[in-house]
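Chemist: My file is my_file.pdb. It has PDB, C-alpha atoms, pLDDT in the B column:
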```pdb
ATOM      1  CA  MET A 260      34.915-101.970 193.187  1.00 71.00           C
ATOM      2  CA  SER A 261      33.383 -98.544 192.628  1.00 76.00           C
ATOM      3  CA  ASP A 262      31.165 -97.744 189.646  1.00 78.00           C
ATOM      4  CA  VAL A 263      33.854 -95.458 188.239  1.00 69.00           C
ATOM      5  CA  LYS A 264      36.535 -98.157 188.479  1.00 76.00           C
ATOM      6  CA  GLN A 265      34.192-100.687 186.863  1.00 80.00           C
ATOM      7  CA  TYR A 266      33.456 -98.276 184.017  1.00 75.00           C
ATOM      8  CA  ILE A 267      37.154 -97.577 183.457  1.00 76.00           C
ATOM      9  CA  GLN A 268      37.999-101.273 183.495  1.00 83.00           C
ATOM     10  CA  LYS A 269      35.229-102.205 181.033  1.00 84.00           C
ATOM     11  CA  ARG A 270      36.002 -99.287 178.720  1.00 80.00           C
ATOM     12  CA  ALA A 271      39.719-100.108 178.762  1.00 81.00           C
ATOM     13  CA  GLU A 272      38.951-103.706 177.820  1.00 88.00           C
ATOM     14  CA  ARG A 273      36.903-102.522 174.811  1.00 88.00           C
ATOM     15  CA  ASP A 274      39.042 -99.602 173.700  1.00 83.00           C
ATOM     16  CA  ALA A 275      42.831 -99.964 173.613  1.00 85.00           C
ATOM     17  CA  GLU A 276      43.363 -96.267 172.823  1.00 82.00           C
ATOM     18  CA  PHE A 277      41.301 -95.269 175.858  1.00 76.00           C
ATOM     19  CA  ALA A 278      43.331 -97.636 178.037  1.00 78.00           C
ATOM     20  CA  ILE A 279      46.638 -96.161 176.897  1.00 78.00           C
ATOM     21  CA  ASN A 280      45.490 -92.553 177.206  1.00 74.00           C
ATOM     22  CA  TYR A 281      43.968 -93.209 180.631  1.00 75.00           C
ATOM     23  CA  GLU A 282      47.215 -94.706 181.917  1.00 75.00           C
ATOM     24  CA  VAL A 283      49.292 -91.792 180.613  1.00 72.00           C
ATOM     25  CA  GLY A 284      46.880 -89.197 182.007  1.00 72.00           C
ATOM     26  CA  TYR A 285      46.777 -90.906 185.392  1.00 74.00           C
ATOM     27  CA  ALA A 286      50.573 -91.073 185.565  1.00 73.00           C
ATOM     28  CA  ASP A 287      50.822 -87.338 184.794  1.00 68.00           C
ATOM     29  CA  PHE A 288      48.222 -86.548 187.454  1.00 78.00           C
ATOM     30  CA  LYS A 289      50.035 -88.728 189.991  1.00 82.00           C
ATOM     31  CA  ILE A 290      53.339 -86.904 189.410  1.00 85.00           C
ATOM     32  CA  GLY A 291      51.664 -83.572 190.162  1.00 86.00           C
ATOM     33  CA  VAL A 292      50.117 -84.972 193.348  1.00 86.00           C
ATOM     34  CA  ILE A 293      53.498 -86.306 194.505  1.00 89.00           C
ATOM     35  CA  LEU A 294      55.115 -82.912 193.912  1.00 93.00           C
ATOM     36  CA  ARG A 295      52.384 -81.067 195.825  1.00 93.00           C
ATOM     37  CA  GLN A 296      52.580 -83.558 198.724  1.00 93.00           C
ATOM     38  CA  ALA A 297      56.367 -83.132 198.922  1.00 95.00           C
ATOM     39  CA  ARG A 298      55.988 -79.354 199.005  1.00 95.00           C
ATOM     40  CA  GLU A 299      53.317 -79.515 201.707  1.00 96.00           C
ATOM     41  CA  ALA A 300      55.369 -82.001 203.760  1.00 96.00           C
ATOM     42  CA  ALA A 301      58.234 -79.510 203.635  1.00 97.00           C
ATOM     43  CA  GLY A 302      55.864 -76.839 204.969  1.00 97.00           C
ATOM     44  CA  LEU A 303      56.325 -74.645 201.910  1.00 98.00           C
ATOM     45  CA  THR A 304      53.851 -72.633 199.877  1.00 98.00           C
ATOM     46  CA  GLN A 305      53.894 -72.405 196.103  1.00 97.00           C
ATOM     47  CA  ASP A 306      55.209 -68.857 196.487  1.00 98.00           C
ATOM     48  CA  GLU A 307      58.144 -70.043 198.601  1.00 98.00           C
ATOM     49  CA  VAL A 308      59.064 -72.793 196.139  1.00 98.00           C
ATOM     50  CA  ALA A 309      58.780 -70.279 193.295  1.00 98.00           C
ATOM     51  CA  GLN A 310      61.215 -67.960 195.073  1.00 98.00           C
ATOM     52  CA  LYS A 311      63.703 -70.800 195.558  1.00 97.00           C
ATOM     53  CA  LEU A 312      63.453 -71.687 191.865  1.00 97.00           C
ATOM     54  CA  GLN A 313      63.524 -68.040 190.804  1.00 97.00           C
ATOM     55  CA  THR A 314      60.217 -68.312 188.986  1.00 96.00           C
ATOM     56  CA  LYS A 315      56.574 -67.355 189.488  1.00 96.00           C
ATOM     57  CA  LYS A 316      53.907 -69.039 191.600  1.00 97.00           C
ATOM     58  CA  SER A 317      51.921 -69.704 188.417  1.00 95.00           C
ATOM     59  CA  ALA A 318      54.797 -71.834 187.104  1.00 94.00           C
ATOM     60  CA  ILE A 319      54.755 -73.946 190.269  1.00 96.00           C
ATOM     61  CA  SER A 320      50.989 -74.308 190.029  1.00 94.00           C
ATOM     62  CA  ARG A 321      51.315 -75.413 186.403  1.00 91.00           C
ATOM     63  CA  ILE A 322      53.951 -78.005 187.372  1.00 91.00           C
ATOM     64  CA  GLU A 323      51.791 -79.410 190.159  1.00 91.00           C
ATOM     65  CA  ASN A 324      48.518 -79.396 188.225  1.00 86.00           C
ATOM     66  CA  HIS A 325      49.683 -80.220 184.701  1.00 78.00           C
ATOM     67  CA  ALA A 326      52.789 -82.342 185.121  1.00 70.00           C
ATOM     68  CA  ASP A 327      52.488 -83.875 181.662  1.00 70.00           C
ATOM     69  CA  ASP A 328      55.568 -82.236 180.185  1.00 79.00           C
ATOM     70  CA  VAL A 329      57.964 -81.376 182.990  1.00 85.00           C
ATOM     71  CA  ARG A 330      61.671 -81.478 182.225  1.00 90.00           C
ATOM     72  CA  LEU A 331      63.863 -83.740 184.319  1.00 91.00           C
ATOM     73  CA  SER A 332      66.045 -80.769 185.245  1.00 94.00           C
ATOM     74  CA  THR A 333      62.953 -78.963 186.558  1.00 93.00           C
ATOM     75  CA  LEU A 334      61.977 -81.979 188.660  1.00 93.00           C
ATOM     76  CA  ARG A 335      65.502 -82.085 190.127  1.00 95.00           C
ATOM     77  CA  ARG A 336      65.404 -78.385 191.008  1.00 96.00           C
ATOM     78  CA  TYR A 337      61.898 -78.739 192.487  1.00 96.00           C
ATOM     79  CA  ALA A 338      63.047 -81.703 194.606  1.00 96.00           C
ATOM     80  CA  ASP A 339      66.041 -79.714 195.875  1.00 97.00           C
ATOM     81  CA  ALA A 340      63.783 -76.744 196.683  1.00 97.00           C
ATOM     82  CA  VAL A 341      61.482 -78.870 198.857  1.00 97.00           C
ATOM     83  CA  GLY A 342      64.362 -80.813 200.448  1.00 97.00           C
ATOM     84  CA  ALA A 343      63.574 -84.102 198.722  1.00 96.00           C
ATOM     85  CA  ASN A 344      65.562 -86.597 196.661  1.00 94.00           C
ATOM     86  CA  LEU A 345      64.397 -87.288 193.125  1.00 92.00           C
ATOM     87  CA  GLN A 346      64.323 -91.013 192.403  1.00 91.00           C
ATOM     88  CA  ILE A 347      63.265 -92.467 189.072  1.00 86.00           C
ATOM     89  CA  ARG A 348      62.290 -96.094 188.670  1.00 83.00           C
ATOM     90  CA  LEU A 349      61.404 -98.028 185.555  1.00 83.00           C
ATOM     91  CA  ALA A 350      58.946-100.868 185.929  1.00 78.00           C
ATOM     92  CA  SER A 351      57.589-103.301 183.402  1.00 77.00           C
ATOM     93  CA  SER A 352      54.261-102.292 181.958  1.00 69.00           C
ATOM     94  CA  HIS A 353      51.222-104.288 183.014  1.00 62.00           C
ATOM     95  CA  ARG A 354      49.802-103.629 179.529  1.00 57.00           C
ATOM     96  CA  ARG A 355      52.406-105.930 178.078  1.00 53.00           C
ATOM     97  CA  LEU A 356      50.745-108.991 176.595  1.00 47.00           C
ATOM     98  CA  GLN A 357      51.863-112.405 177.792  1.00 44.00           C
ATOM     99  CA  SER A 358      52.287-113.573 174.185  1.00 44.00           C
ATOM    100  CA  LYS A 359      54.815-110.811 173.575  1.00 50.00           C
ATOM    101  CA  LYS A 360      56.952-111.748 176.560  1.00 50.00           C
ATOM    102  CA  ARG A 361      60.418-112.751 175.578  1.00 51.00           C
ATOM    103  CA  PRO A 362      61.764-115.981 177.013  1.00 51.00           C
ATOM    104  CA  THR A 363      64.338-115.714 179.751  1.00 53.00           C
ATOM    105  CA  PRO A 364      67.787-115.824 178.131  1.00 52.00           C
ATOM    106  CA  ARG A 365      69.793-118.958 178.839  1.00 52.00           C
ATOM    107  CA  ALA A 366      73.499-119.480 178.834  1.00 49.00           C
ATOM    108  CA  PRO A 367      74.596-121.085 175.567  1.00 48.00           C
ATOM    109  CA  GLU A 368      74.952-124.823 175.690  1.00 47.00           C
ATOM    110  CA  VAL A 369      78.481-126.035 175.041  1.00 43.00           C
ATOM    111  CA  ARG A 370      78.955-129.609 173.852  1.00 45.00           C
ATOM    112  CA  GLY A 371      82.065-131.650 173.457  1.00 42.00           C
ATOM    113  CA  LEU A 372      84.021-130.143 176.349  1.00 38.00           C
ATOM    114  CA  ARG A 373      85.195-132.352 179.137  1.00 44.00           C
ATOM    115  CA  SER A 374      85.832-131.321 182.686  1.00 39.00           C
ATOM    116  CA  PRO A 375      89.514-131.352 183.641  1.00 45.00           C
ATOM    117  CA  LEU A 376      88.639-133.398 186.737  1.00 44.00           C
TER     118      LEU A 376
END
```
Just give me the structure of the file as structure tokens.
Modeler:
Amino acid sequence: MSDVKQYIQKRAERDAEFAINYEVGYADFKIGVILRQAREAAGLTQDEVAQKLQTKKSAISRIENHADDVRLSTLRRYADAVGANLQIRLASSHRRLQSKKRPTPRAPEVRGLRSPL
């Protein structure tokens, strides 16, 4: 494990606020990287995507570099412009504590009923 990863891990263990903010910041950064990679895979420049979205190159740059507050409608239009499909997936958070896990729901137990057979 690199020194940076070790530092992040140790700091996150000591400081819950740091851990949360780091995760959010990393997720935002990752979205921007995914958008840029999709654009590049499509062989398009920021200018070309901007023309397709009827906006300016600076707006595309802002989306790719600061994807912390991008509207879903903008992501859909961006995906269409680069010939990609937008897919959203929800996954359980690894920050969730085991003690807070809810038990798996069970079917209610019914007593006093007899099988017709």
Chemist: Would you mind listing what lies within 9 Å of His325 (chain A) as a list in words, with all atoms listed in the file counted and same-chain residues fewer than 2 positions away left out?
Modeler: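 Using all atoms listed in the file, the neighbours found are Asp287, Phe288, Ile290, Gly291, Ser320, Arg321, Ile322, Glu323, Asp327, Asp328 and Val329 of chain A.
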Chemist: Hey, could you pull the box centre and edge lengths for region 303-318 of chain A, axis-aligned, 4 Å padding per side, all listed atoms, to one decimal in Å, as JSON?
Modeler:
```
{"center_x": 57.8, "center_y": -71.0, "center_z": 194.5, "size_x": 19.8, "size_y": 15.3, "size_z": 22.8}
```
Chemist: Run the PyMOL selection byres ((chain A and resi 299-302) around 12) against the file shown and list the residues it catches, as a list in words.
Modeler: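 With the PyMOL selection byres ((chain A and resi 299-302) around 12) on this model, the match is Val292, Ile293, Leu294, Arg295, Gln296, Ala297, Arg298, Leu303, Thr304, Gln305, Asp306, Glu307, Val308, Glu323, Tyr337, Ala338, Asp339, Ala340, Val341, Gly342 and Ala343 of chain A.
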Chemist: Just to be explicit: take each residue in the selection above, keep C-alpha atoms, and write the result as a PDB file, keeping the file's coordinate frame.
Modeler:
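As written to disk, result09.pdb reads:
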```
ATOM      1  CA  VAL A 292      50.117 -84.972 193.348  1.00 86.00           C
ATOM      2  CA  ILE A 293      53.498 -86.306 194.505  1.00 89.00           C
ATOM      3  CA  LEU A 294      55.115 -82.912 193.912  1.00 93.00           C
ATOM      4  CA  ARG A 295      52.384 -81.067 195.825  1.00 93.00           C
ATOM      5  CA  GLN A 296      52.580 -83.558 198.724  1.00 93.00           C
ATOM      6  CA  ALA A 297      56.367 -83.132 198.922  1.00 95.00           C
ATOM      7  CA  ARG A 298      55.988 -79.354 199.005  1.00 95.00           C
ATOM      8  CA  LEU A 303      56.325 -74.645 201.910  1.00 98.00           C
ATOM      9  CA  THR A 304      53.851 -72.633 199.877  1.00 98.00           C
ATOM     10  CA  GLN A 305      53.894 -72.405 196.103  1.00 97.00           C
ATOM     11  CA  ASP A 306      55.209 -68.857 196.487  1.00 98.00           C
ATOM     12  CA  GLU A 307      58.144 -70.043 198.601  1.00 98.00           C
ATOM     13  CA  VAL A 308      59.064 -72.793 196.139  1.00 98.00           C
ATOM     14  CA  GLU A 323      51.791 -79.410 190.159  1.00 91.00           C
ATOM     15  CA  TYR A 337      61.898 -78.739 192.487  1.00 96.00           C
ATOM     16  CA  ALA A 338      63.047 -81.703 194.606  1.00 96.00           C
ATOM     17  CA  ASP A 339      66.041 -79.714 195.875  1.00 97.00           C
ATOM     18  CA  ALA A 340      63.783 -76.744 196.683  1.00 97.00           C
ATOM     19  CA  VAL A 341      61.482 -78.870 198.857  1.00 97.00           C
ATOM     20  CA  GLY A 342      64.362 -80.813 200.448  1.00 97.00           C
ATOM     21  CA  ALA A 343      63.574 -84.102 198.722  1.00 96.00           C
TER      22      ALA A 343
END
```
Chemist: Can you work out which one of A:Gly284, A:Gln346, A:Ala275, A:Arg336 has the shortest atom-to-atom distance to Ile319 (chain A), counting all atoms listed in the file?
Modeler: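 Checking each of A:Gly284, A:Gln346, A:Ala275, A:Arg336 against Ile319 (chain A), counting all atoms listed in the file, the winner is A:Arg336.
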Chemist: Go ahead and compute the interatomic distance for CA of Thr333 (chain A) and CA of Phe277 (chain A), in Å to one decimal.
Modeler: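 Going from CA of Thr333 (chain A) over to CA of Phe277 (chain A), I get 29.1 Å.
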Chemist: What's the separation between CA of Glu272 (chain A) and CA of Leu349 (chain A), in Å to one decimal place?
Modeler: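 For CA of Glu272 (chain A) relative to CA of Leu349 (chain A), the distance reads 24.4 Å.
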Chemist: Rounded to one decimal place, report the CA of Arg335 (chain A)-CA of Tyr281 (chain A) distance in Å.
Modeler: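 If I compute the distance from CA of Arg335 (chain A) to CA of Tyr281 (chain A), I get 26.0 Å.
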